[in-house]
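So this block is my_file_12.txt, compact mmCIF, C-alpha atoms:
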```
# COMPACT_ATOMS: atom_id res chain seq x y z
CA MET A 83 -48.73 47.75 -38.21
CA ALA A 84 -50.70 50.90 -39.02
CA GLU A 85 -48.90 54.13 -38.27
CA VAL A 86 -50.31 56.25 -35.47
CA PHE A 87 -51.07 59.88 -36.22
CA VAL A 88 -51.59 62.16 -33.25
CA PRO A 89 -51.27 65.89 -32.81
CA MET A 90 -47.75 66.44 -31.57
CA PHE A 91 -45.51 69.51 -31.41
CA VAL A 92 -42.24 70.82 -32.75
CA PRO A 93 -39.70 70.96 -29.91
CA GLN A 94 -37.98 74.32 -29.49
CA PRO A 95 -35.25 75.18 -27.00
CA ILE A 96 -36.25 77.59 -24.23
CA GLY A 97 -32.56 77.89 -23.33
CA PHE A 98 -29.28 76.00 -23.01
CA VAL A 99 -27.27 74.39 -20.23
CA SER A 100 -23.88 75.77 -19.34
CA SER A 101 -22.12 72.77 -17.79
CA PRO A 102 -18.57 71.75 -16.87
CA TYR A 103 -19.06 68.55 -18.92
CA LYS A 104 -17.76 68.91 -22.47
CA ASP A 105 -18.05 65.21 -23.37
CA THR A 106 -20.08 62.28 -22.06
CA GLY A 107 -17.00 60.55 -20.62
CA ALA A 108 -16.67 63.35 -18.08
CA ILE A 109 -20.13 62.81 -16.57
CA PRO A 110 -20.07 60.69 -13.38
CA LYS A 111 -21.88 57.38 -14.01
CA GLY A 112 -22.39 54.08 -12.32
CA PRO A 113 -23.17 53.04 -8.75
CA GLY A 114 -22.72 55.85 -6.28
CA ALA A 115 -22.29 58.54 -8.96
CA LYS A 116 -22.84 61.92 -7.36
CA HIS A 117 -24.17 64.79 -9.38
CA GLU A 118 -22.90 67.78 -7.45
CA ALA A 119 -21.65 69.76 -10.45
CA GLU A 120 -22.78 73.33 -10.69
CA GLY A 121 -24.01 74.81 -13.92
CA VAL A 122 -26.23 77.49 -15.34
CA LEU A 123 -29.57 77.20 -17.13
CA LYS A 124 -29.45 80.09 -19.56
CA ILE A 125 -32.99 80.88 -20.61
CA LEU A 126 -33.56 82.74 -23.88
CA PRO A 127 -34.74 86.34 -23.36
CA GLU A 128 -38.08 85.74 -25.08
CA PHE A 129 -38.99 83.14 -22.43
CA ALA A 130 -37.64 85.02 -19.38
CA LEU A 131 -41.09 86.16 -18.23
CA GLY A 132 -41.91 82.49 -17.64
CA LEU A 133 -39.31 82.43 -14.82
CA THR A 134 -41.42 84.78 -12.65
CA ASP A 135 -41.44 83.51 -9.02
CA ILE A 136 -39.13 80.59 -9.72
CA GLU A 137 -36.76 81.83 -6.99
CA GLY A 138 -39.08 80.42 -4.33
CA PHE A 139 -38.39 76.81 -5.26
CA SER A 140 -35.39 74.92 -3.92
CA HIS A 141 -35.44 72.22 -6.60
CA LEU A 142 -36.48 72.16 -10.24
CA TYR A 143 -37.16 69.55 -12.87
CA VAL A 144 -35.23 70.23 -16.06
CA ILE A 145 -36.49 68.52 -19.22
CA TRP A 146 -33.89 68.57 -21.96
CA VAL A 147 -32.75 66.97 -25.22
CA PHE A 148 -30.06 64.32 -25.64
CA ASP A 149 -28.86 66.22 -28.71
CA ARG A 150 -25.69 64.16 -29.15
CA SER A 151 -26.98 60.62 -28.66
CA GLY A 152 -27.30 58.04 -31.43
CA ASP A 153 -30.29 56.01 -32.58
CA PHE A 154 -32.43 54.48 -29.89
CA GLU A 155 -31.87 51.00 -28.49
CA LEU A 156 -34.81 49.28 -26.83
CA ILE A 157 -32.51 47.14 -24.72
CA GLY A 158 -28.97 47.77 -23.59
CA LYS A 159 -26.43 47.63 -20.79
CA PRO A 160 -26.34 50.68 -18.51
CA PRO A 161 -23.02 51.69 -16.88
CA THR A 162 -24.49 50.62 -13.54
CA ASP A 163 -24.88 46.96 -14.48
CA ASN A 164 -23.37 44.25 -16.65
CA ARG A 165 -26.80 42.95 -17.62
CA PRO A 166 -29.05 44.44 -20.31
CA HIS A 167 -32.29 46.21 -19.38
CA GLY A 168 -35.13 47.83 -21.29
CA VAL A 169 -34.59 51.47 -22.16
CA PHE A 170 -37.67 52.53 -20.14
CA ALA A 171 -36.13 50.89 -17.04
CA THR A 172 -32.91 52.92 -17.47
CA ARG A 173 -31.75 56.48 -17.99
CA SER A 174 -29.98 55.58 -21.26
CA PRO A 175 -29.58 58.52 -23.68
CA ARG A 176 -30.58 56.29 -26.61
CA ARG A 177 -34.36 56.61 -26.23
CA PRO A 178 -37.20 56.66 -28.82
CA ASN A 179 -37.75 60.30 -27.85
CA PRO A 180 -34.31 61.58 -26.75
CA ILE A 181 -35.59 63.44 -23.69
CA GLY A 182 -33.57 63.80 -20.50
CA LEU A 183 -34.86 64.65 -17.04
CA THR A 184 -32.78 66.01 -14.18
CA VAL A 185 -33.68 67.34 -10.74
CA VAL A 186 -31.42 70.27 -9.87
CA GLU A 187 -31.09 72.46 -6.82
CA LEU A 188 -31.68 76.13 -7.56
CA LEU A 189 -28.82 78.13 -6.00
CA ARG A 190 -29.76 81.57 -7.28
CA ARG A 191 -31.24 83.44 -10.21
CA GLU A 192 -29.49 86.22 -12.08
CA ASN A 193 -31.89 87.66 -14.64
CA GLU A 194 -32.30 84.89 -17.25
CA SER A 195 -29.63 82.65 -15.71
CA LEU A 196 -30.52 80.00 -13.17
CA HIS A 197 -27.46 78.88 -11.23
CA VAL A 198 -28.04 75.28 -10.19
CA ARG A 199 -26.34 72.30 -8.57
CA GLY A 200 -26.69 68.77 -9.84
CA VAL A 201 -26.24 69.08 -13.59
CA ASP A 202 -25.53 65.87 -15.49
CA MET A 203 -25.99 67.31 -18.97
CA LEU A 204 -23.35 68.19 -21.54
CA ASP A 205 -22.40 71.80 -22.08
CA GLY A 206 -24.74 73.37 -24.63
CA THR A 207 -27.63 70.94 -24.05
CA PRO A 208 -30.96 72.39 -25.26
CA ILE A 209 -33.58 72.83 -22.52
CA LEU A 210 -37.22 72.07 -23.33
CA ASP A 211 -38.93 72.85 -20.06
CA ILE A 212 -38.50 73.70 -16.39
CA LYS A 213 -41.04 72.74 -13.75
CA PRO A 214 -41.11 73.18 -10.00
CA TYR A 215 -40.22 70.07 -8.03
CA LEU A 216 -43.07 69.80 -5.57
CA SER A 217 -43.10 66.50 -3.79
CA SER A 218 -41.19 63.36 -3.22
CA ILE A 219 -42.02 59.73 -2.73
CA PRO A 220 -41.16 58.66 0.81
CA PRO A 221 -37.93 56.62 0.57
CA GLU A 222 -39.45 53.71 2.52
CA THR A 223 -42.06 53.11 -0.21
CA LEU A 224 -39.57 53.24 -3.08
CA ARG A 225 -38.33 50.13 -4.91
CA ARG A 226 -35.41 50.61 -7.25
CA GLY A 227 -35.63 47.44 -9.36
CA TRP A 228 -32.56 46.06 -11.09
CA LEU A 229 -30.49 48.99 -9.85
CA SER A 230 -30.47 47.95 -6.20
CA GLU A 231 -29.74 44.34 -7.26
CA ALA A 232 -26.80 45.53 -9.38
CA GLU A 233 -25.50 47.67 -6.54
CA THR A 234 -25.65 44.70 -4.19
CA ARG A 235 -23.84 42.45 -6.71
CA ASN A 236 -21.18 45.08 -7.41
CA GLY A 237 -20.72 45.80 -3.70
CA MET B 154 -33.06 88.42 -32.10
CA ALA B 155 -31.36 85.80 -34.26
CA GLU B 156 -33.17 82.51 -34.40
CA VAL B 157 -31.47 79.60 -32.69
CA PHE B 158 -30.93 76.46 -34.73
CA VAL B 159 -30.12 73.30 -32.82
CA PRO B 160 -30.46 69.63 -33.64
CA MET B 161 -33.82 68.62 -32.21
CA PHE B 162 -36.08 65.62 -32.78
CA VAL B 163 -39.53 64.75 -34.02
CA PRO B 164 -41.66 63.62 -31.08
CA GLN B 165 -43.37 60.27 -31.56
CA PRO B 166 -45.78 58.54 -29.18
CA ILE B 167 -44.45 55.35 -27.57
CA GLY B 168 -47.97 54.67 -26.31
CA PHE B 169 -51.12 56.25 -24.91
CA VAL B 170 -52.68 56.76 -21.50
CA SER B 171 -55.94 55.07 -20.65
CA SER B 172 -57.40 57.33 -17.95
CA PRO B 173 -60.77 57.88 -16.24
CA TYR B 174 -60.51 61.60 -17.14
CA LYS B 175 -62.29 62.46 -20.38
CA ASP B 176 -62.03 66.24 -19.98
CA THR B 177 -59.76 68.59 -18.04
CA GLY B 178 -62.55 69.69 -15.68
CA ALA B 179 -62.61 66.17 -14.22
CA ILE B 180 -58.95 66.22 -13.13
CA PRO B 181 -58.49 67.15 -9.43
CA LYS B 182 -56.71 70.50 -9.16
CA GLY B 183 -55.88 73.04 -6.52
CA PRO B 184 -54.61 72.83 -2.95
CA GLY B 185 -54.71 69.34 -1.57
CA ALA B 186 -55.61 67.71 -4.90
CA LYS B 187 -54.93 64.00 -4.64
CA HIS B 188 -53.99 62.01 -7.70
CA GLU B 189 -55.05 58.52 -6.74
CA ALA B 190 -56.75 57.65 -10.02
CA GLU B 191 -55.76 54.39 -11.63
CA GLY B 192 -55.04 54.14 -15.31
CA VAL B 193 -53.09 52.16 -17.85
CA LEU B 194 -50.04 53.13 -19.87
CA LYS B 195 -50.57 51.23 -23.12
CA ILE B 196 -47.25 50.95 -24.86
CA LEU B 197 -47.18 50.33 -28.61
CA PRO B 198 -46.04 46.79 -29.51
CA GLU B 199 -42.96 48.03 -31.38
CA PHE B 200 -41.61 49.59 -28.15
CA ALA B 201 -42.57 46.76 -25.77
CA LEU B 202 -39.02 45.37 -25.57
CA GLY B 203 -38.04 48.65 -23.89
CA LEU B 204 -40.21 47.67 -20.90
CA THR B 205 -37.87 44.79 -19.96
CA ASP B 206 -37.30 44.74 -16.16
CA ILE B 207 -39.61 47.66 -15.49
CA GLU B 208 -41.60 45.51 -13.05
CA GLY B 209 -38.91 46.01 -10.41
CA PHE B 210 -39.63 49.70 -9.95
CA SER B 211 -42.35 50.93 -7.63
CA HIS B 212 -42.61 54.39 -9.22
CA LEU B 213 -42.10 55.71 -12.73
CA TYR B 214 -41.74 59.07 -14.38
CA VAL B 215 -44.11 59.45 -17.31
CA ILE B 216 -43.29 62.17 -19.84
CA TRP B 217 -46.25 63.00 -22.05
CA VAL B 218 -47.80 65.56 -24.37
CA PHE B 219 -50.46 68.14 -23.48
CA ASP B 220 -52.10 67.37 -26.82
CA ARG B 221 -55.27 69.38 -26.08
CA SER B 222 -53.83 72.57 -24.59
CA GLY B 223 -53.84 75.95 -26.33
CA ASP B 224 -51.00 78.32 -27.13
CA PHE B 225 -48.46 78.90 -24.41
CA GLU B 226 -48.73 81.69 -21.84
CA LEU B 227 -45.53 82.81 -20.11
CA ILE B 228 -47.45 84.05 -17.11
CA GLY B 229 -50.83 82.98 -15.78
CA LYS B 230 -52.95 82.09 -12.76
CA PRO B 231 -52.79 78.46 -11.66
CA PRO B 232 -55.86 76.87 -10.02
CA THR B 233 -53.91 76.78 -6.75
CA ASP B 234 -53.57 80.56 -6.43
CA ASN B 235 -55.31 83.81 -7.34
CA ARG B 236 -52.00 85.43 -8.28
CA PRO B 237 -50.21 84.99 -11.59
CA HIS B 238 -46.91 83.09 -11.79
CA GLY B 239 -44.39 82.30 -14.52
CA VAL B 240 -45.14 79.15 -16.49
CA PHE B 241 -41.83 77.55 -15.41
CA ALA B 242 -42.89 78.00 -11.76
CA THR B 243 -46.20 76.16 -12.40
CA ARG B 244 -47.51 72.96 -13.93
CA SER B 245 -49.69 74.87 -16.41
CA PRO B 246 -50.51 72.92 -19.61
CA ARG B 247 -49.88 76.05 -21.72
CA ARG B 248 -46.09 75.69 -22.00
CA PRO B 249 -43.66 76.62 -24.82
CA ASN B 250 -43.04 72.87 -25.23
CA PRO B 251 -46.33 71.21 -24.18
CA ILE B 252 -44.67 68.46 -22.15
CA GLY B 253 -46.24 66.97 -19.03
CA LEU B 254 -44.49 65.03 -16.28
CA THR B 255 -46.17 62.72 -13.79
CA VAL B 256 -44.83 60.32 -11.17
CA VAL B 257 -47.01 57.23 -11.03
CA GLU B 258 -46.96 54.11 -8.90
CA LEU B 259 -46.58 50.92 -10.91
CA LEU B 260 -49.22 48.46 -9.75
CA ARG B 261 -48.57 45.68 -12.24
CA ARG B 262 -47.56 44.95 -15.80
CA GLU B 263 -49.64 42.93 -18.24
CA ASN B 264 -47.66 42.52 -21.45
CA GLU B 265 -47.55 46.02 -23.00
CA SER B 266 -49.91 47.53 -20.42
CA LEU B 267 -48.61 49.18 -17.27
CA HIS B 268 -51.33 49.49 -14.65
CA VAL B 269 -50.52 52.53 -12.57
CA ARG B 270 -51.90 54.73 -9.80
CA GLY B 271 -51.66 58.49 -9.83
CA VAL B 272 -52.63 59.46 -13.37
CA ASP B 273 -53.53 63.11 -13.94
CA MET B 274 -53.60 62.95 -17.73
CA LEU B 275 -56.60 62.95 -20.04
CA ASP B 276 -57.70 59.71 -21.65
CA GLY B 277 -55.78 59.16 -24.88
CA THR B 278 -52.79 61.33 -23.93
CA PRO B 279 -49.69 60.45 -26.00
CA ILE B 280 -46.74 59.17 -23.98
CA LEU B 281 -43.22 60.26 -24.99
CA ASP B 282 -41.08 58.45 -22.44
CA ILE B 283 -41.02 56.41 -19.27
CA LYS B 284 -38.11 56.47 -16.84
CA PRO B 285 -37.52 54.77 -13.51
CA TYR B 286 -38.04 57.02 -10.51
CA LEU B 287 -34.85 56.48 -8.55
CA SER B 288 -34.46 58.98 -5.79
CA SER B 289 -36.17 61.70 -3.89
CA ILE B 290 -35.18 64.96 -2.31
CA PRO B 291 -35.48 64.75 1.48
CA PRO B 292 -38.66 66.65 2.41
CA GLU B 293 -36.81 68.76 4.99
CA THR B 294 -34.63 70.33 2.27
CA LEU B 295 -37.52 71.14 -0.06
CA ARG B 296 -38.94 74.64 -0.54
CA ARG B 297 -42.19 74.92 -2.46
CA GLY B 298 -42.17 78.63 -3.36
CA TRP B 299 -45.44 80.43 -4.07
CA LEU B 300 -47.37 77.19 -3.61
CA SER B 301 -46.86 76.94 0.14
CA GLU B 302 -47.63 80.66 0.48
CA ALA B 303 -50.87 80.21 -1.49
CA GLU B 304 -51.80 77.19 0.62
CA THR B 305 -51.23 79.20 3.80
CA ARG B 306 -53.34 82.10 2.47
CA ASN B 307 -56.15 79.82 1.32
CA GLY B 308 -56.07 77.90 4.59
```

Would you mind giving the structure from this file in structure tokens?
Amino acid sequence: MAEVFVPMFVPQPIGFVSSPYKDTGAIPKGPGAKHEAEGVLKILPEFALGLTDIEGFSHLYVIWVFDRSGDFELIGKPPTDNRPHGVFATRSPRRPNPIGLTVVELLRRENESLHVRGVDMLDGTPILDIKPYLSSIPPETLRRGWLSEAETRNG
Amino acid sequence: MAEVFVPMFVPQPIGFVSSPYKDTGAIPKGPGAKHEAEGVLKILPEFALGLTDIEGFSHLYVIWVFDRSGDFELIGKPPTDNRPHGVFATRSPRRPNPIGLTVVELLRRENESLHVRGVDMLDGTPILDIKPYLSSIPPETLRRGWLSEAETRNG
């Protein structure tokens, strides 16, 4: 098919994650995985002004790069299931655009360092963006697709 | 300071948003803005396999490109307040990496088209990624920083 040309951008890190996880095997995965690990979002000095007033938010979205994942796979088996699913229905690192998304709890800010709870990134992961986490979908209206089925099957 | 070199990626659209909003002025903004608009995420045929099993999720994260925003501003006034805030404490389009994030409700899938509610993107916006929305922060633990203060001030 014809290639699609659109104005895009050149990703640049605004900072890096300091995390206890040095390799992917160390990151909790699968049903019931808890992400309670603490880490630090170290923002580069030239972007520090963009952190103004961030202290007021309890939770943040962190958008980051899977910088150590391989080529993308449109379908594959996540650790939470023994059946394959489409990449856009999973959090697989092997995505067409290798972008990760994590909600973290902001514990405190020290200058350009945001101390957070809930990291699931590898140490040294490049950060693309931080946004305030503003709202949540009421749990009673949320359907979790194949994941709840897999959890039920796996007990 | 020394420039930072890290392995990054070249962003490519996996599809485009079909939205009722043709210009930014039409998008609801400010306190109490509701995003109830329906739209379609049109995924390119070569990525359609990645949608397998997506029907089971009620809500999706959409990661997309602010393809019509200007240069970034580290500090600026959002439409929800008359005081300036850091870009990482707002949803401003003028970000170092012009990446947008929206939670939408999946209404139905028709082949490579995801009909969704809650779009706040312009028509034709390039989509970078789609992820299942899996969990939410309990509202009672959420602090909304300058935004709740601005809402209180603006009544």

Checklist line | Exercise: Tyr103 in chain A partners within 9 Å, all atoms listed in the file, chain neighbours under 5 positions left out, as a list in words | finding: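 Counting all atoms listed in the file, the residues come to Ala108, Ile109, Ala119, Val201, Asp202, Met203, Leu204 and Asp205 of chain A.
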
Item checked: Separation of CA of Gly206 in chain A from CA of Phe241 in chain B, in Å and rounded to one decimal -> 19.9 Å

Checklist line | Selection: 9 Å around Lys284 in chain B, only C-alpha atoms, excl. self and same-chain fewer than 5 positions, as a ChimeraX atom specification | finding: /A:169-173,183 /B:213-216

Margin query: I need the contact residues of chain A against chain B, so if you could list those with any atom within 6 Å, counting all atoms listed in the file, and return them as a ChimeraX atom specification, that would help.
Written below: /A:131-134,136,138-140,156-157,167-171,212-214,218,224-227

Let me have the centre and edge lengths of the axis-aligned box enclosing all listed atoms of range 197-200 of chain B with 3 Å padding on every side, in Å to one decimal, as lines of an AutoDock Vina configuration file.
```
center_x = -44.4
center_y = 48.6
center_z = -29.8
size_x = 11.6
size_y = 9.5
size_z = 9.2
```

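In this model, the gap between CA of Leu267 in chain B and CA of Pro173 in chain B comes to 15.0 Å.
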
Margin query: If I take CA of Arg199 in chain A and CA of Ala303 in chain B, how far is one from the other in Å, to one decimal?
Written below: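 It comes out at 26.7 Å.
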
Note to self: Need to verify the contact set: Lys195 in chain B, 8 Å, all atoms listed in the file, exclusion of same-chain residues closer than 3 positions in sequence. Can you return it as a PyMOL selection string?
What the structure shows: chain B and resi 168-171+265-267

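Among the candidate residues A:Asp163, A:Glu120, A:Glu192, A:Glu222, the one lying nearest to Arg235 in chain A is A:Asp163, with distances computed using only C-alpha atoms.
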
Next item on the list: Find the residue from A:Thr234, A:Ser101, A:Leu189, A:Pro110 that sits nearest to Pro161 in chain A; use all atoms listed in the file when measuring.
Entry: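 With all atoms listed in the file as the atom set, the closest residue is A:Pro110.
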